[in-house]
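Chemist: First the structure, then my questions, so here it is.
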Amino acid sequence: MSHLLFEPLTLRGLTFRNRIWVPPMCQYSVTREDGVPAPWHTVHYGSMARGGAGAVIVEAAGVVPEGRISARDLGLWNDEQCDAFVPIVDFLHSQGAAAGIQLAHAGRKASTFPEWGTDRSGSLPESEGGWQTVAPSALAFEGLAEPRALTESEIAEVVQAFAASARRSMEAGFDFVEIHAAHGYLLHEFLSPLSNTRTDSYGGSAENRARLLLEVVDATRAEVGDEVPVFVRLSATDWTEGGLSLDDTVELAGWLKSHGVDLIDVSSGGNVLAQIPVGPGYQTALAAGIRERAGIPAAAVGLINEPFQGEHILATGQADAILVGREYLRDPNFALRAADALRFDIDYRPAQYHRAYS
């Protein structure tokens, strides 16, 4: 019997020990509001690596201060932040997991109250420490403050900010990077005609709307070198008429492949309020479409909660890896449990815990 979840996967110079990966999930737990990871992050990510994950992708790190969703988000725009990631990465490696980080700019969805720790929601006023948000066009996300449209010179600065953060990710020891172009954040805002009404070279046609993302990819690749995998997280559909469709994203994935992207992390939605048919594995068909039609490796995410469900996704060719989010929050030992469920013998169960299984 095959056990695809536990087959190694090699992308460029990196081999993942298995295909059960932890996706980036915002923790809103930066205690000093300076983008520097706190003890929480060390324990949070370390427990998942110890629990057998093949890869752990650290949550969205802002490439600039104004690119954070909230003031309690991680950042990777300065050396203090870079240095603080080193022991986290070292521990992930000590447990056998590949360490990745998601680089992000929240665009018009930045400067909000964190998801927890407060009874307020929406945009954080500038008078209380918030900041002016930016976007491709001066169109607000429903319920949030109106952003300012970026100038072309400012767009070039965004590209350089992603490049600088990619360089710091390498200095911190990360094995791969993921560029966040989903969920209604800045790069997704440029991609979607629902949020991008520009008339210059960054708006209008699909090629123009993809220009910023492709420039970010090229700048990132130049910093990380040829042996480091680069992922891109995409929202495969806006779930809204007139927005991005799977066909659009398949075309985009082909362009990303030609620019050296190694894997598409396939999600959906987030750019506008929409009715999304949420259920177990509800986005796996999107990953399958991109994988098959664009000919690029894809990872599936979205309510993947059971080992046999994950094995089925891989066995039916819907994805090359699964990203397990909520279930990993409930059980940091999900990969170890999956090995038991599939009756697969692994050699990276922590020796300190063997008594629990004897």
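Just so we're on the same page: first chain in the structure tokens is A, next is B, and so on; residues restart at 1 for each chain, and ligands are numbered from 1 in the order they show up.
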Considering only C-alpha atoms, return as a PyMOL selection string whatever protein or nucleic-acid residues lie within 8 Å of stretch 317-328 of chain A, sequence-local ones (same chain, fewer than 2 positions apart) excluded.
Modeler: chain A and resi 5+19-25+48+284-285+287-289+291+297-305+310+313-315+330-334
Chemist: Using only C-alpha atoms, which protein or nucleic acid residues come within 12 Å of A:Asp340? Drop anything in the same chain fewer than 4 positions from it, and give the result as a list in words.
Modeler: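 Residues meeting the cut-off are His3, Phe6, Gly52, Pro307, Phe308, Asn333, Phe334, Ala335, Leu336, Phe344, Asp345, Ile346, Arg349 and Tyr357 of chain A.
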Chemist: For the residues in the current selection, export N, CA, C and O atoms as a PDB file, in the first residue's frame.
Modeler:
ATOM      1  N   HIS A   3       1.824   5.179   0.567  1.00  0.00           N
ATOM      2  CA  HIS A   3       1.543   6.184   1.586  1.00  0.00           C
ATOM      3  C   HIS A   3       2.046   7.520   1.056  1.00  0.00           C
ATOM      4  O   HIS A   3       3.144   7.973   1.414  1.00  0.00           O
ATOM      5  N   PHE A   6       3.510  10.424   3.043  1.00  0.00           N
ATOM      6  CA  PHE A   6       4.842  10.293   3.633  1.00  0.00           C
ATOM      7  C   PHE A   6       5.935  10.066   2.596  1.00  0.00           C
ATOM      8  O   PHE A   6       7.064   9.728   2.946  1.00  0.00           O
ATOM      9  N   GLY A  52       5.855  16.369  13.596  1.00  0.00           N
ATOM     10  CA  GLY A  52       6.029  15.603  12.365  1.00  0.00           C
ATOM     11  C   GLY A  52       5.759  16.305  11.061  1.00  0.00           C
ATOM     12  O   GLY A  52       5.845  15.677   9.993  1.00  0.00           O
ATOM     13  N   PRO A 307      -6.411  12.164   8.068  1.00  0.00           N
ATOM     14  CA  PRO A 307      -5.323  11.560   7.297  1.00  0.00           C
ATOM     15  C   PRO A 307      -5.776  10.912   5.996  1.00  0.00           C
ATOM     16  O   PRO A 307      -5.140  11.102   4.951  1.00  0.00           O
ATOM     17  N   PHE A 308      -6.866  10.144   6.037  1.00  0.00           N
ATOM     18  CA  PHE A 308      -7.299   9.466   4.816  1.00  0.00           C
ATOM     19  C   PHE A 308      -7.823  10.459   3.782  1.00  0.00           C
ATOM     20  O   PHE A 308      -7.705  10.226   2.581  1.00  0.00           O
ATOM     21  N   ASN A 333       0.342  17.324  16.693  1.00  0.00           N
ATOM     22  CA  ASN A 333       0.933  16.038  16.323  1.00  0.00           C
ATOM     23  C   ASN A 333       0.195  15.378  15.156  1.00  0.00           C
ATOM     24  O   ASN A 333       0.254  14.154  14.993  1.00  0.00           O
ATOM     25  N   PHE A 334      -0.455  16.170  14.321  1.00  0.00           N
ATOM     26  CA  PHE A 334      -1.292  15.610  13.265  1.00  0.00           C
ATOM     27  C   PHE A 334      -0.519  14.642  12.380  1.00  0.00           C
ATOM     28  O   PHE A 334      -1.023  13.561  12.038  1.00  0.00           O
ATOM     29  N   ALA A 335       0.697  14.991  11.980  1.00  0.00           N
ATOM     30  CA  ALA A 335       1.449  14.114  11.080  1.00  0.00           C
ATOM     31  C   ALA A 335       1.785  12.792  11.759  1.00  0.00           C
ATOM     32  O   ALA A 335       1.743  11.725  11.123  1.00  0.00           O
ATOM     33  N   LEU A 336       2.113  12.824  13.058  1.00  0.00           N
ATOM     34  CA  LEU A 336       2.377  11.588  13.784  1.00  0.00           C
ATOM     35  C   LEU A 336       1.113  10.735  13.861  1.00  0.00           C
ATOM     36  O   LEU A 336       1.161   9.504  13.711  1.00  0.00           O
ATOM     37  N   PHE A 344       1.913   3.560   8.915  1.00  0.00           N
ATOM     38  CA  PHE A 344       3.196   3.816   8.259  1.00  0.00           C
ATOM     39  C   PHE A 344       4.241   4.103   9.319  1.00  0.00           C
ATOM     40  O   PHE A 344       4.052   4.958  10.184  1.00  0.00           O
ATOM     41  N   ASP A 345       5.347   3.384   9.243  1.00  0.00           N
ATOM     42  CA  ASP A 345       6.394   3.525  10.244  1.00  0.00           C
ATOM     43  C   ASP A 345       7.310   4.693   9.880  1.00  0.00           C
ATOM     44  O   ASP A 345       7.914   4.696   8.804  1.00  0.00           O
ATOM     45  N   ILE A 346       7.392   5.688  10.752  1.00  0.00           N
ATOM     46  CA  ILE A 346       8.282   6.817  10.533  1.00  0.00           C
ATOM     47  C   ILE A 346       9.401   6.776  11.578  1.00  0.00           C
ATOM     48  O   ILE A 346       9.246   6.199  12.647  1.00  0.00           O
ATOM     49  N   ARG A 349       9.477  10.150  15.061  1.00  0.00           N
ATOM     50  CA  ARG A 349       8.667  10.356  16.260  1.00  0.00           C
ATOM     51  C   ARG A 349       9.616  10.697  17.406  1.00  0.00           C
ATOM     52  O   ARG A 349      10.600  10.003  17.631  1.00  0.00           O
ATOM     53  N   TYR A 357       3.541   5.428  23.031  1.00  0.00           N
ATOM     54  CA  TYR A 357       3.132   4.582  21.929  1.00  0.00           C
ATOM     55  C   TYR A 357       3.553   3.125  22.133  1.00  0.00           C
ATOM     56  O   TYR A 357       3.367   2.290  21.260  1.00  0.00           O
TER      57      TYR A 357
END
Chemist: One decimal, Å: what's the distance from atom CA of A:Ala156 over to atom CA of A:Leu144, could you say?
Modeler: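 Distance reported for this atom pair: 25.3 Å.
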Chemist: Can you measure atom CA of A:Pro193 to atom CA of A:Val250 for me? One decimal in Å is fine.
Modeler: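 Separation between atom CA of A:Pro193 and atom CA of A:Val250: 16.1 Å.
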Chemist: Among the residues of stretch 37-279 of chain A, find those DSSP assigns to helix (DSSP H, G or I) from the backbone and print them as a PyMOL selection string.
Modeler: chain A and resi 39-50+65-67+79-94+107-109+126-128+152-171+186-191+206-209+211-224+246-258
Chemist: Rank nothing, just name the residue among A:Gly242, A:Pro125, A:Gly295, A:Pro280 nearest to A:Leu263, using only C-alpha atoms.
Modeler: A:Gly295
Chemist: Find the residues near A:Ala97: any atom within 9 Å, counting only C-alpha atoms, skip ones fewer than 5 places away on the same chain, and give them as a list in words.
Modeler: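 Contacts, with the query itself left out: Phe16, Arg17, Met48, Ala49, Arg50, Gly52, Ala53, Gly54, Ala55, Val56, Phe91 and Leu92 of chain A.
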Chemist: In Å, rounded to a single decimal, give me how far atom CA of A:Phe231 is from atom CA of A:Gly270.
Modeler: 19.0 Å
Chemist: Looking at A:Gly143, A:Gly75, A:Gly184, A:Pro37, which one is nearest to A:Arg168, with distances taken over only C-alpha atoms?
Modeler: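 Result for the nearest residue to A:Arg168: A:Gly75.
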Chemist: If we count only C-alpha atoms and set the cut-off at 7 Å, which residues sit around A:Gly100, ignoring sequence neighbours fewer than 5 positions away in its own chain? Please answer as a VMD selection string.
Modeler: chain A and resid 56 to 58 174 to 177
Chemist: Store the residues picked out above in a file with N, CA, C and O atoms, as a compact mmCIF listing (two decimals), in the first residue's frame.
Modeler:
# COMPACT_ATOMS: atom_id res chain seq x y z
N VAL A 56 6.87 23.79 7.80
CA VAL A 56 6.12 24.77 8.58
C VAL A 56 6.34 26.13 7.93
O VAL A 56 7.48 26.58 7.80
N ILE A 57 5.24 26.76 7.51
CA ILE A 57 5.34 28.09 6.89
C ILE A 57 4.92 29.13 7.92
O ILE A 57 3.77 29.15 8.36
N VAL A 58 5.87 29.95 8.32
CA VAL A 58 5.59 31.00 9.29
C VAL A 58 4.60 32.00 8.69
O VAL A 58 4.66 32.33 7.50
N PHE A 174 15.80 30.46 6.60
CA PHE A 174 14.63 29.80 6.03
C PHE A 174 15.01 29.03 4.77
O PHE A 174 15.90 29.43 4.02
N ASP A 175 14.32 27.92 4.53
CA ASP A 175 14.60 27.05 3.39
C ASP A 175 13.86 27.47 2.13
O ASP A 175 14.29 27.11 1.02
N PHE A 176 12.73 28.14 2.29
CA PHE A 176 11.95 28.58 1.14
C PHE A 176 11.09 29.77 1.55
O PHE A 176 10.92 30.05 2.74
N VAL A 177 10.58 30.46 0.55
CA VAL A 177 9.71 31.60 0.81
C VAL A 177 8.40 31.43 0.05
O VAL A 177 8.36 30.78 -1.00
Chemist: Among stretch 12-197 of chain A, which residues does DSSP mark as strand (DSSP E or B) when it is run on the backbone? Keep the chain and numbering as in the structure and answer as number ranges by chain.
Modeler: A: 14-16, 20-22, 55-62, 74-75, 98-104, 112, 123, 134-135, 148-149, 176-181
Chemist: Would you kindly return, as number ranges by chain, each protein, DNA or RNA residue with an atom no farther than 8 Å from any atom of A:Arg148, considering only C-alpha atoms and excluding same-chain residues fewer than 5 positions away?
Modeler: A: 132-135, 137-138
Chemist: Using only C-alpha atoms, pick whichever of A:Ile264, A:Ala104, A:Val64, A:Ala163 has the shortest atom-to-atom distance to A:Ala219.
Modeler: A:Ala163
Chemist: Using only C-alpha atoms, can you tell me which of A:Gly204, A:Pro277, A:Gly107, A:Pro87 comes closest to A:Gly46?
Modeler: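 Nearest to A:Gly46: A:Pro87.
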Chemist: Choose the residue, out of A:Gly173, A:Gly279, A:Gly35, A:Gly225, that has the smallest atom-to-atom separation from A:Leu74; count only C-alpha atoms.
Modeler: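 Among A:Gly173, A:Gly279, A:Gly35, A:Gly225, it is A:Gly35 that comes nearest to A:Leu74.
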Chemist: Could you list, as a PyMOL selection string, every residue within 9 Å of A:Ala253, counting only C-alpha atoms and ignoring same-chain residues fewer than 3 positions away?
Modeler: chain A and resi 234+248-250+256-258+261+264+290-291+294-296
Chemist: Which residue is closest to A:Asp200? Choose from A:Gly243, A:Pro136, A:Gly51, A:Pro65 and count only C-alpha atoms.
Modeler: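 Going through A:Gly243, A:Pro136, A:Gly51, A:Pro65 one by one, the smallest distance to A:Asp200 is for A:Pro136.
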